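Pasted below: protein02.csv, CSV, C-alpha atoms and all ligand atoms.
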```
chain,number,residue,atom,x,y,z
T,260,MET,CA,3.2,-34.4,15.3
T,261,GLU,CA,1.0,-35.3,12.3
T,262,PRO,CA,2.6,-37.5,9.6
T,263,PHE,CA,4.2,-35.6,6.6
T,264,SER,CA,6.2,-36.3,3.5
T,265,TYR,CA,9.7,-34.9,3.0
T,266,HIS,CA,11.3,-33.7,-0.2
T,267,ARG,CA,14.8,-32.3,-0.4
T,268,ALA,CA,14.9,-29.6,-3.1
T,269,THR,CA,17.9,-29.7,-5.4
T,270,SER,CA,16.9,-26.6,-7.4
T,271,VAL,CA,14.5,-23.7,-7.2
T,272,GLY,CA,12.4,-25.4,-9.9
T,273,SER,CA,12.2,-28.7,-8.0
T,274,ALA,CA,11.3,-26.8,-4.8
T,275,ILE,CA,8.4,-25.0,-6.6
T,276,ALA,CA,7.2,-28.2,-8.2
T,277,SER,CA,7.3,-30.1,-4.9
T,278,ALA,CA,5.3,-27.4,-3.2
T,279,GLN,CA,2.4,-27.6,-5.6
T,280,ASN,CA,0.5,-29.4,-3.0
T,281,LYS,CA,-1.3,-26.6,-1.2
T,282,SER,CA,-0.5,-27.8,2.3
T,283,ALA,CA,3.2,-28.1,1.7
T,284,LYS,CA,5.6,-25.9,3.6
T,285,PHE,CA,9.2,-24.9,2.7
T,286,LEU,CA,11.6,-26.0,5.4
T,287,GLY,CA,14.6,-23.9,6.3
T,288,ALA,CA,16.5,-25.2,9.4
T,289,GLY,CA,13.1,-25.9,11.1
T,290,THR,CA,14.0,-24.0,14.2
T,291,ASN,CA,10.6,-22.4,14.2
T,292,LEU,CA,8.5,-24.6,11.9
T,293,VAL,CA,9.3,-27.8,13.7
T,294,ASP,CA,8.3,-26.3,17.0
T,295,LEU,CA,5.0,-25.1,15.4
T,296,MET,CA,4.4,-28.7,14.1
T,297,ARG,CA,5.2,-30.2,17.5
T,298,GLU,CA,2.7,-27.9,19.1
T,299,ARG,CA,0.2,-28.7,16.3
T,300,VAL,CA,-0.1,-25.0,15.4
T,301,GLU,CA,1.0,-26.0,11.9
T,302,ARG,CA,0.2,-29.3,10.2
T,303,PRO,CA,1.7,-29.4,6.7
T,304,ALA,CA,1.2,-32.6,4.8
T,305,ALA,CA,4.6,-32.1,3.1
T,306,LEU,CA,7.9,-30.4,3.8
T,307,VAL,CA,10.1,-29.2,1.0
T,308,ASP,CA,13.6,-28.8,2.4
T,309,VAL,CA,15.2,-25.8,0.8
T,310,THR,CA,18.5,-25.7,2.8
T,311,GLY,CA,20.3,-27.0,-0.3
T,312,LEU,CA,19.5,-23.9,-2.3
T,313,SER,CA,21.7,-20.8,-2.6
T,314,ARG,CA,23.9,-19.8,0.4
T,315,VAL,CA,25.9,-17.4,-1.6
T,316,ILE,CA,26.7,-13.9,-0.1
T,317,GLN,CA,28.3,-11.6,-2.7
T,318,GLU,CA,28.5,-8.1,-3.9
T,319,THR,CA,26.1,-7.0,-6.7
T,320,THR,CA,27.2,-5.1,-9.8
T,321,ALA,CA,25.5,-2.0,-8.2
T,322,GLY,CA,27.7,-2.2,-5.1
T,323,GLY,CA,25.1,-3.8,-2.9
T,324,LEU,CA,24.9,-7.3,-1.5
T,325,ILE,CA,22.9,-10.3,-2.4
T,326,ILE,CA,22.3,-13.0,0.2
T,327,GLY,CA,21.0,-16.5,-0.7
T,328,ALA,CA,17.9,-17.5,1.3
T,329,ALA,CA,19.6,-20.6,2.5
T,330,ALA,CA,22.6,-18.7,4.0
T,331,SER,CA,22.8,-19.3,7.7
T,332,ASN,CA,22.2,-16.4,10.1
T,333,ALA,CA,25.7,-16.9,11.4
T,334,ALA,CA,27.3,-16.8,7.9
T,335,VAL,CA,25.5,-13.5,7.3
T,336,ALA,CA,26.6,-12.0,10.6
T,337,GLU,CA,30.2,-13.1,10.1
T,338,HIS,CA,30.6,-12.1,6.5
T,339,PRO,CA,33.3,-9.4,6.1
T,340,LEU,CA,31.2,-7.3,3.7
T,341,VAL,CA,28.2,-7.3,6.0
T,342,ARG,CA,30.4,-6.4,9.0
T,343,GLN,CA,32.1,-3.6,7.1
T,344,ARG,CA,29.2,-2.1,5.1
T,345,TYR,CA,26.1,-3.0,7.2
T,346,PRO,CA,27.3,-3.5,10.8
T,347,ALA,CA,23.8,-3.1,12.3
T,348,LEU,CA,22.8,-6.2,10.4
T,349,SER,CA,25.6,-8.2,11.8
T,350,ARG,CA,24.9,-7.0,15.3
T,351,ALA,CA,21.2,-7.6,15.0
T,352,ILE,CA,21.7,-11.2,14.0
T,353,LEU,CA,24.2,-11.7,16.8
T,354,ALA,CA,21.7,-10.3,19.3
T,355,GLY,CA,19.2,-13.0,18.4
T,356,ALA,CA,18.7,-16.6,19.5
T,357,SER,CA,21.8,-18.6,20.4
T,358,ALA,CA,25.0,-19.5,18.5
T,359,GLN,CA,23.6,-23.0,17.8
T,360,ILE,CA,20.4,-21.7,16.4
T,361,ARG,CA,22.2,-19.0,14.3
T,362,ASN,CA,24.4,-21.6,12.8
T,363,MET,CA,21.4,-23.5,11.6
T,364,ALA,CA,18.7,-20.9,10.9
T,365,THR,CA,18.3,-19.6,7.4
T,366,VAL,CA,17.7,-16.1,6.1
T,367,GLY,CA,14.4,-17.1,4.4
T,368,GLY,CA,13.2,-18.8,7.6
T,369,ASN,CA,14.2,-15.8,9.8
T,370,ILE,CA,12.1,-13.5,7.6
T,371,LEU,CA,9.1,-15.8,7.8
T,372,GLN,CA,9.4,-17.0,11.4
T,373,ARG,CA,6.1,-16.6,13.2
T,374,THR,CA,5.2,-14.6,16.2
T,375,ARG,CA,6.3,-15.7,19.7
T,376,CYS,CA,3.0,-14.7,21.3
T,377,GLY,CA,2.5,-17.5,23.9
T,378,TYR,CA,-1.2,-17.8,23.2
T,379,PHE,CA,-0.5,-18.5,19.5
T,380,TYR,CA,1.4,-21.7,20.6
T,381,ASP,CA,-1.2,-22.8,23.2
T,382,VAL,CA,-3.5,-24.8,20.9
T,383,GLU,CA,-5.5,-26.4,23.7
T,384,GLY,CA,-5.7,-23.5,26.2
T,385,ALA,CA,-5.9,-20.2,24.5
T,386,ARG,CA,-8.0,-18.2,22.0
T,387,CYS,CA,-6.1,-16.8,19.1
T,388,ASN,CA,-7.4,-15.1,15.9
T,389,LYS,CA,-4.1,-15.7,14.1
T,390,ARG,CA,-4.3,-19.5,14.6
T,391,THR,CA,-8.1,-19.8,14.4
T,392,PRO,CA,-9.7,-16.8,12.7
T,393,GLY,CA,-12.7,-15.4,14.6
T,394,GLN,CA,-11.8,-17.2,17.8
T,395,GLY,CA,-10.7,-14.1,19.8
T,396,CYS,CA,-7.4,-12.9,21.2
T,397,ASP,CA,-6.4,-13.8,24.8
T,398,ALA,CA,-3.4,-11.5,24.6
T,399,ILE,CA,-5.4,-8.3,24.7
T,400,ASP,CA,-6.5,-8.8,28.3
T,401,GLY,CA,-3.7,-11.2,29.1
T,402,PHE,CA,0.1,-11.3,29.3
T,403,ASN,CA,1.0,-8.7,26.7
T,404,ARG,CA,4.4,-7.4,27.8
T,405,TYR,CA,6.0,-8.4,24.5
T,406,HIS,CA,3.2,-7.3,22.3
T,407,ALA,CA,2.8,-4.5,19.8
T,408,VAL,CA,2.1,-0.8,20.4
T,409,LEU,CA,2.2,0.3,16.7
T,410,GLY,CA,0.3,-1.2,13.8
T,411,ALA,CA,-1.7,-3.7,15.8
T,412,SER,CA,-5.5,-4.2,15.5
T,413,PRO,CA,-8.3,-5.2,17.9
T,414,GLN,CA,-8.0,-8.7,16.4
T,415,CYS,CA,-4.2,-9.2,17.1
T,416,ILE,CA,-1.4,-7.4,18.9
T,417,ALA,CA,1.4,-9.8,18.2
T,418,THR,CA,4.9,-8.6,17.3
T,419,HIS,CA,7.1,-9.9,14.5
T,420,PRO,CA,10.0,-11.4,16.4
T,421,SER,CA,13.0,-11.1,14.0
T,422,ASP,CA,16.0,-9.0,14.9
T,423,MET,CA,17.6,-9.5,11.5
T,424,CYS,CA,14.6,-7.9,9.7
T,425,VAL,CA,14.9,-4.6,11.6
T,426,PRO,CA,18.2,-3.3,9.9
T,427,LEU,CA,17.1,-5.0,6.7
T,428,VAL,CA,14.0,-2.8,6.6
T,429,ALA,CA,16.0,0.3,7.6
T,430,PHE,CA,18.3,-0.3,4.6
T,431,ASP,CA,15.6,-0.9,2.0
T,432,ALA,CA,16.3,-4.6,1.5
T,433,VAL,CA,14.4,-6.3,-1.3
T,434,VAL,CA,13.3,-9.9,-1.2
T,435,HIS,CA,13.6,-12.1,-4.3
T,436,VAL,CA,10.7,-14.4,-4.7
T,437,VAL,CA,10.0,-17.3,-7.1
T,438,GLY,CA,6.5,-18.8,-7.3
T,439,PRO,CA,4.3,-20.8,-9.6
T,440,GLU,CA,3.7,-17.6,-11.6
T,441,GLY,CA,7.4,-16.7,-12.0
T,442,GLU,CA,9.9,-14.4,-10.3
T,443,ARG,CA,9.2,-11.1,-8.6
T,444,ARG,CA,10.9,-8.7,-6.1
T,445,VAL,CA,9.2,-7.5,-3.0
T,446,PRO,CA,10.6,-4.7,-0.9
T,447,LEU,CA,10.9,-6.1,2.6
T,448,ILE,CA,8.9,-3.2,4.0
T,449,ASP,CA,5.9,-4.5,1.9
T,450,LEU,CA,6.4,-8.2,2.6
T,451,HIS,CA,4.8,-8.5,6.0
T,452,ARG,CA,1.2,-7.4,6.4
T,453,LEU,CA,-0.4,-5.6,9.4
T,454,PRO,CA,-3.1,-7.8,11.1
T,455,GLY,CA,-6.2,-5.7,10.5
T,456,ALA,CA,-9.2,-8.1,10.4
T,457,THR,CA,-7.1,-11.0,9.1
T,458,PRO,CA,-4.2,-11.6,11.4
T,459,HIS,CA,-3.7,-15.1,10.0
T,460,VAL,CA,-2.6,-13.5,6.7
T,461,GLU,CA,0.9,-12.5,7.6
T,462,SER,CA,2.6,-11.6,4.3
T,463,VAL,CA,1.9,-10.8,0.7
T,464,LEU,CA,3.4,-14.2,-0.3
T,465,ARG,CA,1.1,-16.7,-1.9
T,466,ALA,CA,1.0,-20.5,-1.6
T,467,GLY,CA,4.1,-22.0,-3.2
T,468,ASP,CA,6.1,-18.7,-3.2
T,469,LEU,CA,9.8,-19.4,-2.3
T,470,ILE,CA,12.2,-16.7,-1.0
T,471,THR,CA,15.4,-17.2,-3.0
T,472,ALA,CA,17.5,-14.2,-1.8
T,473,VAL,CA,17.6,-10.9,-0.1
T,474,GLU,CA,19.3,-8.0,-1.8
T,475,LEU,CA,20.7,-4.9,0.0
T,476,PRO,CA,21.3,-1.8,-2.0
T,477,ALA,CA,24.6,0.1,-1.9
T,478,LEU,CA,24.2,2.4,1.0
T,479,PRO,CA,27.3,4.2,2.3
T,480,LEU,CA,25.4,5.5,5.3
T,481,ALA,CA,24.9,2.0,6.6
T,482,ALA,CA,28.6,1.6,7.2
T,483,ARG,CA,28.2,3.6,10.4
T,484,SER,CA,25.0,2.0,11.5
T,485,ALA,CA,24.1,0.6,15.0
T,486,TYR,CA,21.7,-1.8,16.5
T,487,ARG,CA,20.5,-1.9,20.1
T,488,LYS,CA,18.2,-4.5,21.6
T,489,VAL,CA,16.5,-4.1,25.0
T,490,ARG,CA,15.3,-7.4,26.5
T,491,ASP,CA,14.5,-9.0,29.8
T,492,ARG,CA,17.7,-11.2,29.8
T,493,ALA,CA,21.1,-10.5,28.4
T,494,SER,CA,20.9,-13.4,25.9
T,495,TYR,CA,18.4,-15.9,24.4
T,496,ALA,CA,15.5,-13.5,24.7
T,497,PHE,CA,13.3,-11.7,22.1
T,498,ALA,CA,13.3,-7.9,22.0
T,499,LEU,CA,11.1,-5.7,24.1
T,500,ILE,CA,12.4,-2.9,21.9
T,501,SER,CA,15.1,-2.8,19.3
T,502,VAL,CA,16.5,0.0,17.2
T,503,ALA,CA,18.5,-0.1,14.0
T,504,ALA,CA,19.8,3.4,13.0
T,505,ALA,CA,22.2,5.2,10.8
T,506,ILE,CA,22.6,9.0,10.5
T,507,ARG,CA,24.9,11.4,8.7
T,508,VAL,CA,25.6,14.7,10.4
T,509,GLU,CA,27.1,17.7,8.6
T,510,LYS,CA,27.7,21.0,10.3
T,511,GLY,CA,25.8,19.9,13.3
T,512,HIS,CA,22.6,19.0,11.4
T,513,VAL,CA,21.2,15.6,10.3
T,514,VAL,CA,21.4,15.3,6.5
T,515,GLU,CA,20.6,11.6,6.2
T,516,ALA,CA,18.7,9.2,8.5
T,517,ARG,CA,17.5,5.6,8.6
T,518,LEU,CA,15.6,4.3,11.6
T,519,ALA,CA,13.7,1.1,12.2
T,520,LEU,CA,12.2,-0.6,15.3
T,521,GLY,CA,11.7,-4.1,16.4
T,522,GLY,CA,9.5,-5.5,19.2
T,523,VAL,CA,6.9,-2.8,18.7
T,524,ALA,CA,4.8,-3.9,15.8
T,525,PRO,CA,3.5,-6.9,13.9
T,526,LYS,CA,6.1,-6.2,11.2
T,527,PRO,CA,9.6,-4.8,11.2
T,528,TRP,CA,8.8,-1.1,11.6
T,529,ARG,CA,10.4,1.6,9.6
T,530,ALA,CA,10.3,4.7,11.7
T,531,ARG,CA,9.5,7.2,8.9
T,532,LYS,CA,7.9,9.9,11.1
T,533,ALA,CA,11.1,10.0,13.2
T,534,GLU,CA,13.3,10.0,10.0
T,535,GLN,CA,11.3,13.0,8.7
T,536,ALA,CA,11.6,14.8,12.1
T,537,LEU,CA,15.3,14.4,12.0
T,538,MET,CA,16.1,15.6,8.5
T,539,GLY,CA,17.7,19.0,8.4
T,540,ARG,CA,17.4,19.5,12.1
T,541,PRO,CA,20.2,19.9,14.7
T,542,ALA,CA,21.8,16.7,15.9
T,543,THR,CA,20.9,17.3,19.5
T,544,PRO,CA,19.4,15.1,22.2
T,545,GLU,CA,16.3,17.4,22.3
T,546,GLN,CA,15.7,16.9,18.6
T,547,PHE,CA,16.3,13.2,18.8
T,548,LEU,CA,13.7,13.0,21.6
T,549,ALA,CA,11.3,15.0,19.5
T,550,ALA,CA,11.8,12.7,16.5
T,551,ALA,CA,11.3,9.6,18.7
T,552,ARG,CA,8.1,11.1,20.2
T,553,ALA,CA,6.8,11.8,16.7
T,554,GLU,CA,7.2,8.1,15.9
T,555,MET,CA,5.6,6.9,19.1
T,556,SER,CA,2.8,9.4,19.1
T,557,ASP,CA,0.5,6.7,17.5
T,558,ALA,CA,1.3,4.1,20.1
T,559,ARG,CA,-1.6,2.2,21.6
T,560,THR,CA,-0.7,0.3,24.8
T,561,HIS,CA,-2.2,-2.5,26.9
T,562,ALA,CA,-1.8,-3.2,30.6
T,563,GLY,CA,1.4,-5.2,30.2
T,564,ASN,CA,3.2,-3.0,27.7
T,565,ALA,CA,2.4,0.5,28.7
T,566,PHE,CA,6.2,1.1,29.3
T,567,LYS,CA,7.1,0.5,25.6
T,568,PRO,CA,6.6,3.9,24.1
T,569,GLN,CA,8.9,5.6,26.6
T,570,LEU,CA,11.4,2.7,26.4
T,571,ALA,CA,11.4,3.1,22.6
T,572,GLU,CA,11.9,6.8,22.9
T,573,ARG,CA,14.9,6.4,25.3
T,574,THR,CA,16.5,3.7,23.2
T,575,ILE,CA,16.2,5.7,20.0
T,576,VAL,CA,17.7,8.8,21.7
T,577,ALA,CA,20.6,6.7,23.1
T,578,VAL,CA,21.4,5.1,19.8
T,579,LEU,CA,21.3,8.4,17.9
T,580,ARG,CA,23.4,10.2,20.5
T,581,ILE,CA,26.1,7.6,20.0
T,582,LEU,CA,26.0,7.8,16.2
T,583,ALA,CA,26.1,11.6,16.3
T,584,GLY,CA,28.9,11.6,18.9
T,585,GLU,CA,31.0,9.4,16.6
T,586,GLN,CA,30.8,12.1,13.9
T,587,ALA,CA,31.3,15.1,16.2
H,601,LIG,C1,14.9,-20.5,21.6
H,601,LIG,C2,14.9,-19.6,20.4
H,601,LIG,C3,15.2,-18.3,20.6
H,601,LIG,C4,15.2,-17.4,19.5
H,601,LIG,N1,15.5,-16.1,19.7
H,601,LIG,C5,15.5,-15.2,18.7
H,601,LIG,C6,15.8,-13.9,18.8
H,601,LIG,O1,16.2,-13.4,19.9
H,601,LIG,N2,15.8,-13.1,17.7
H,601,LIG,C7,15.4,-13.5,16.5
H,601,LIG,O2,15.3,-12.8,15.5
H,601,LIG,N3,15.0,-14.8,16.3
H,601,LIG,C8,15.1,-15.7,17.4
H,601,LIG,N4,14.7,-17.0,17.2
H,601,LIG,C9,14.1,-17.4,16.0
H,601,LIG,C10,15.0,-17.9,14.9
H,601,LIG,O3,15.8,-16.8,14.5
H,601,LIG,C11,14.2,-18.5,13.8
H,601,LIG,O4,13.6,-19.6,14.4
H,601,LIG,C12,15.0,-18.8,12.6
H,601,LIG,O5,15.6,-17.6,12.1
H,601,LIG,C13,14.1,-19.4,11.6
H,601,LIG,O6,14.9,-19.9,10.5
H,601,LIG,P1,14.7,-21.4,10.0
H,601,LIG,O7,15.6,-21.5,8.8
H,601,LIG,O8,14.9,-22.4,11.1
H,601,LIG,O9,13.2,-21.3,9.6
H,601,LIG,P2,12.1,-22.5,9.6
H,601,LIG,O10,11.7,-22.8,11.0
H,601,LIG,O11,12.6,-23.6,8.8
H,601,LIG,O12,10.9,-21.8,8.8
H,601,LIG,C14,10.2,-20.7,9.3
H,601,LIG,C15,9.2,-20.3,8.3
H,601,LIG,O13,9.7,-19.8,7.1
H,601,LIG,C16,9.3,-20.6,6.0
H,601,LIG,N5,10.4,-20.6,5.1
H,601,LIG,C17,11.7,-21.0,5.4
H,601,LIG,N6,12.5,-20.8,4.4
H,601,LIG,C18,11.8,-20.3,3.3
H,601,LIG,C19,12.0,-19.9,2.0
H,601,LIG,N7,13.3,-19.9,1.5
H,601,LIG,N8,11.0,-19.4,1.3
H,601,LIG,C20,9.8,-19.4,1.8
H,601,LIG,N9,9.4,-19.8,3.0
H,601,LIG,C21,10.4,-20.2,3.8
H,601,LIG,C22,8.9,-21.9,6.6
H,601,LIG,O14,7.9,-22.6,5.7
H,601,LIG,C23,8.3,-21.5,7.9
H,601,LIG,O15,7.0,-21.0,7.7
H,601,LIG,C24,14.8,-17.9,18.3
H,601,LIG,C25,14.4,-19.2,18.1
H,601,LIG,C26,14.4,-20.1,19.2
H,601,LIG,C27,14.1,-21.5,18.9
H,602,LIG,S1,-2.0,-11.4,19.9
H,602,LIG,FE1,-2.3,-12.3,17.9
H,602,LIG,S2,-1.1,-14.2,18.0
H,602,LIG,FE2,-1.4,-13.5,20.1
H,602,LIG,S3,-3.3,-14.5,20.9
H,602,LIG,FE3,-3.9,-12.5,20.0
H,602,LIG,S4,-4.4,-13.1,17.9
H,602,LIG,FE4,-3.2,-14.7,18.7
```
Go ahead and express the file in the form of structure tokens.
Amino acid sequence: MEPFSYHRATSVGSAIASAQNKSAKFLGAGTNLVDLMRERVERPAALVDVTGLSRVIQETTAGGLIIGAAASNAAVAEHPLVRQRYPALSRAILAGASAQIRNMATVGGNILQRTRCGYFYDVEGARCNKRTPGQGCDAIDGFNRYHAVLGASPQCIATHPSDMCVPLVAFDAVVHVVGPEGERRVPLIDLHRLPGATPHVESVLRAGDLITAVELPALPLAARSAYRKVRDRASYAFALISVAAAIRVEKGHVVEARLALGGVAPKPWRARKAEQALMGRPATPEQFLAAARAEMSDARTHAGNAFKPQLAERTIVAVLRILAGEQA
């Protein structure tokens, strides 16, 4: 690991000031960043430890929830208001990593964790456009079982690895950001960028931008939400496919729907085509499959992940059937 300086931020202001050095990075629990530094993928000259900032999880005046960026993944998953009002969020977090990692990992760090594409971490042995722009992408003709089928580009087919972000994006979460130019709010759906020709630019955040909180709007529908993760091992594995969903059925028809996918795209993927295909239609397995197929109709596969569109369709249908069955 390269030498680096370390600052522990005691306030948002001191965090921003300490990060003025352009090669500084904010440090959550370091469960991803420290690995990246060990592998020499990232070489920040300074680390600004932001784990002392807000961990508060509380109701907003509008009936939603605000979650401090330094709250641990475990604290969010276990919080009574999260379990009661946004159960898919609790389940998604508990489906990720291990208990030890969830106890340490922060909400801000989870959102900005980097891809698990193996070539990205292989500094000596692999070509990677995300790590070294213009170098090439060894995943395209290599091991791409975990890689994207939606939203990718010829330059990069990596997926965003977070489970937590999938329900957050389904529920229209908004990220609170403070940077050198002040405060702003960014809908999570707009935070991560698709790779296009610049896969190394992963989000709309600028140097020195600090995530301070994530806000969930009041969403009664989310109280009956579900999350299902399909993976190669029962625990301690990233998603091949994951689905966060919530639907409301009245008189046999879908009148409200939220659906998002993980493991399929370079960002947490809001399945808007499927949502549109569900609205007003009968809550039947046939209609659920038609909606899933509408979403996956744009899929572009590679040798190792050709199974993903069908697996995504089956997983979406299975989750929607359970949700509809609970309301029958
Ligand atoms: C073995 C293993 C298995 C895992 N399995 C899963 C899994 O199945 N599902 C899953 O979702 N995740 C999984 N993870 C990933 C884990 O969830 C992330 O590593 C963790 O959430 C990152 O949080 P952190 O606080 O440690 O972030 P860090 O490693 O500290 O930071 C990650 C990135 O976020 C930036 N950052 C951190 N906080 C802020 C902030 N407040 N503002 C701006 N930038 C910030 C850092 O600069 C860095 O770029 C796994 C990790 C490991 C090691
Ligand atoms: S898929 Fe993206 S992260 Fe993986 S090797 Fe290709 S460019 Fe790098």
**Request:** Can you work out which one of T:Asp468, T:Glu461, T:Glu442, T:Asp557 has the shortest atom-to-atom distance to ligand LIG 601 (chain H), counting only C-alpha atoms and all ligand atoms?
**Result:** T:Asp468
**Request:** Provide the atom CA of T:Leu518 to atom CA of T:His406 distance in Å, to one decimal place.
**Result:**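 We find that atom CA of T:Leu518 and atom CA of T:His406 lie 20.1 Å from each other.
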**Prompt:** If we count all atoms listed in the file, what is near T:Gly368 at a cut-off of 9 Å, once residues fewer than 6 positions away on the same chain are taken out, given as a list in words?
**Reply:** Phe285, Leu286, Gly287, Ala288, Gly289, Thr290, Asn291, Leu292, Ala328, Ala329 and Ile470 of chain T
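With all atoms listed in the file as the atoms that count, the residue of T:Val271, T:Ile325, T:Leu306, T:Ile416 with the shortest distance to ligand LIG 602 (chain H) is T:Ile416.
For the set T:Ala530, T:Leu450, T:Ala385, T:Val514, the residue with the smallest atom-to-atom gap to ligand LIG 602 (chain H) is T:Ala385, counting all atoms listed in the file.
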**Request:** Rank nothing, just name the residue among T:Gln569, T:Gln394, T:Ser501, T:Ser556 nearest to ligand LIG 602 (chain H), using only C-alpha atoms and all ligand atoms.
**Result:**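 Nearest to ligand LIG 602 (chain H): T:Gln394.
Minimum atom-to-atom distances from T:Thr543, T:Tyr265, T:Arg404, T:Ala524 to T:Asp491 were compared using only C-alpha atoms, and the lowest value belongs to T:Arg404.
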**Request:** Step by step, measure atom-to-atom distances between ligand LIG 602 (chain H) and each residue using only C-alpha atoms and all ligand atoms, keep those at most 10 Å, then write them as a ChimeraX atom specification.
**Result:** /T:373-381,385-403,405-407,411-419,454,457-459,525
**Fill in**
Shortest contact to T:His512, candidates T:Val434, T:Ala565, T:Ala583, T:Ile448, atoms counted all atoms listed in the file, goes to T:Ala583
**Message:** Please report the interatomic distance between atom CA of T:Val428 and atom CA of T:Arg517 in Å with one decimal.
**Reply:**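 One can read the atom CA of T:Val428 to atom CA of T:Arg517 distance as 9.3 Å.
Around the coordinate (-2.5, -29.1, 6.7), residues that reach within 8 Å when counting only C-alpha atoms are T:Ser282, T:Ala283, T:Glu301, T:Arg302, T:Pro303, T:Ala304.
Close contacts of T:Leu480, defined as residues with an atom at most 7 Å away when counting all atoms listed in the file, with chain neighbours fewer than 3 positions off set aside, comprise Arg483, Ala505, Ile506 and Arg507 of chain T.
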**Request:** Take atom CA of T:Arg297 and atom C27 of ligand LIG 601 (chain H) and report the distance between them in Å, one decimal.
**Result:**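 Rounded to one decimal, the two atoms are 12.5 Å apart.
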**Asked** Which polymer residues have any atom within 7 Å of an atom of T:Ala278, counting all atoms listed in the file, with same-chain residues fewer than 6 positions away left out, as number ranges by chain?
**Response** T: 284, 307, 467
Could you list, with a cut-off of 10 Å and counting only C-alpha atoms, the residues of stretch 461-481 of chain T near stretch 341-353 of chain T, each shown with its nearest atom pair and the distance in Å rounded to one decimal, rows sorted by chain and ascending number, as JSON lines?
```
{"residue": "T:Leu475", "atom": "CA", "partner": "T:Tyr345", "partner_atom": "CA", "distance": 9.2}
{"residue": "T:Ala477", "atom": "CA", "partner": "T:Arg344", "partner_atom": "CA", "distance": 8.7}
{"residue": "T:Leu478", "atom": "CA", "partner": "T:Arg344", "partner_atom": "CA", "distance": 7.9}
{"residue": "T:Pro479", "atom": "CA", "partner": "T:Arg344", "partner_atom": "CA", "distance": 7.2}
{"residue": "T:Leu480", "atom": "CA", "partner": "T:Arg344", "partner_atom": "CA", "distance": 8.5}
{"residue": "T:Ala481", "atom": "CA", "partner": "T:Tyr345", "partner_atom": "CA", "distance": 5.2}
```
**Request:** Identify the residues within 12 Å of coordinate (24.5, -14.7, 4.5) (same frame as the file), considering only C-alpha atoms, and give the answer as number ranges by chain.
**Result:** T: 313-318, 324-342, 348-349, 352, 361-367, 369, 423, 472-475
**Message:** Show me, as a list in words, the residues that have an atom within 9 Å of T:Pro476 when counting all atoms listed in the file, minus same-chain residues fewer than 3 positions from it.
**Reply:**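 Skipping anything fewer than 3 positions along the chain leaves Thr319, Ala321, Gly322, Gly323, Leu324, Ile325, Phe430, Asp431, Ala432 and Val433 of chain T.
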Write a file for stretch 428-451 of chain T of the given structure; include C-alpha atoms and format it as a CSV table (one decimal), in the first residue's frame.
```csv
chain,number,residue,atom,x,y,z
T,428,VAL,CA,-33.9,2.9,-6.0
T,429,ALA,CA,-37.3,1.2,-6.2
T,430,PHE,CA,-38.5,3.5,-3.4
T,431,ASP,CA,-37.2,6.7,-4.9
T,432,ALA,CA,-34.5,7.4,-2.3
T,433,VAL,CA,-32.7,10.7,-2.4
T,434,VAL,CA,-29.1,11.2,-1.5
T,435,HIS,CA,-28.0,14.3,0.5
T,436,VAL,CA,-24.7,15.6,-0.7
T,437,VAL,CA,-22.4,18.4,0.7
T,438,GLY,CA,-19.5,19.6,-1.4
T,439,PRO,CA,-17.2,22.5,-1.8
T,440,GLU,CA,-20.0,24.3,-3.6
T,441,GLY,CA,-22.7,23.7,-0.9
T,442,GLU,CA,-25.5,21.2,-0.4
T,443,ARG,CA,-27.6,19.4,-2.9
T,444,ARG,CA,-30.0,16.5,-3.2
T,445,VAL,CA,-29.5,13.8,-5.8
T,446,PRO,CA,-32.2,11.1,-6.5
T,447,LEU,CA,-30.3,7.8,-6.1
T,448,ILE,CA,-31.5,6.8,-9.6
T,449,ASP,CA,-29.4,9.7,-11.0
T,450,LEU,CA,-26.3,9.2,-8.8
T,451,HIS,CA,-24.6,6.4,-10.6
```
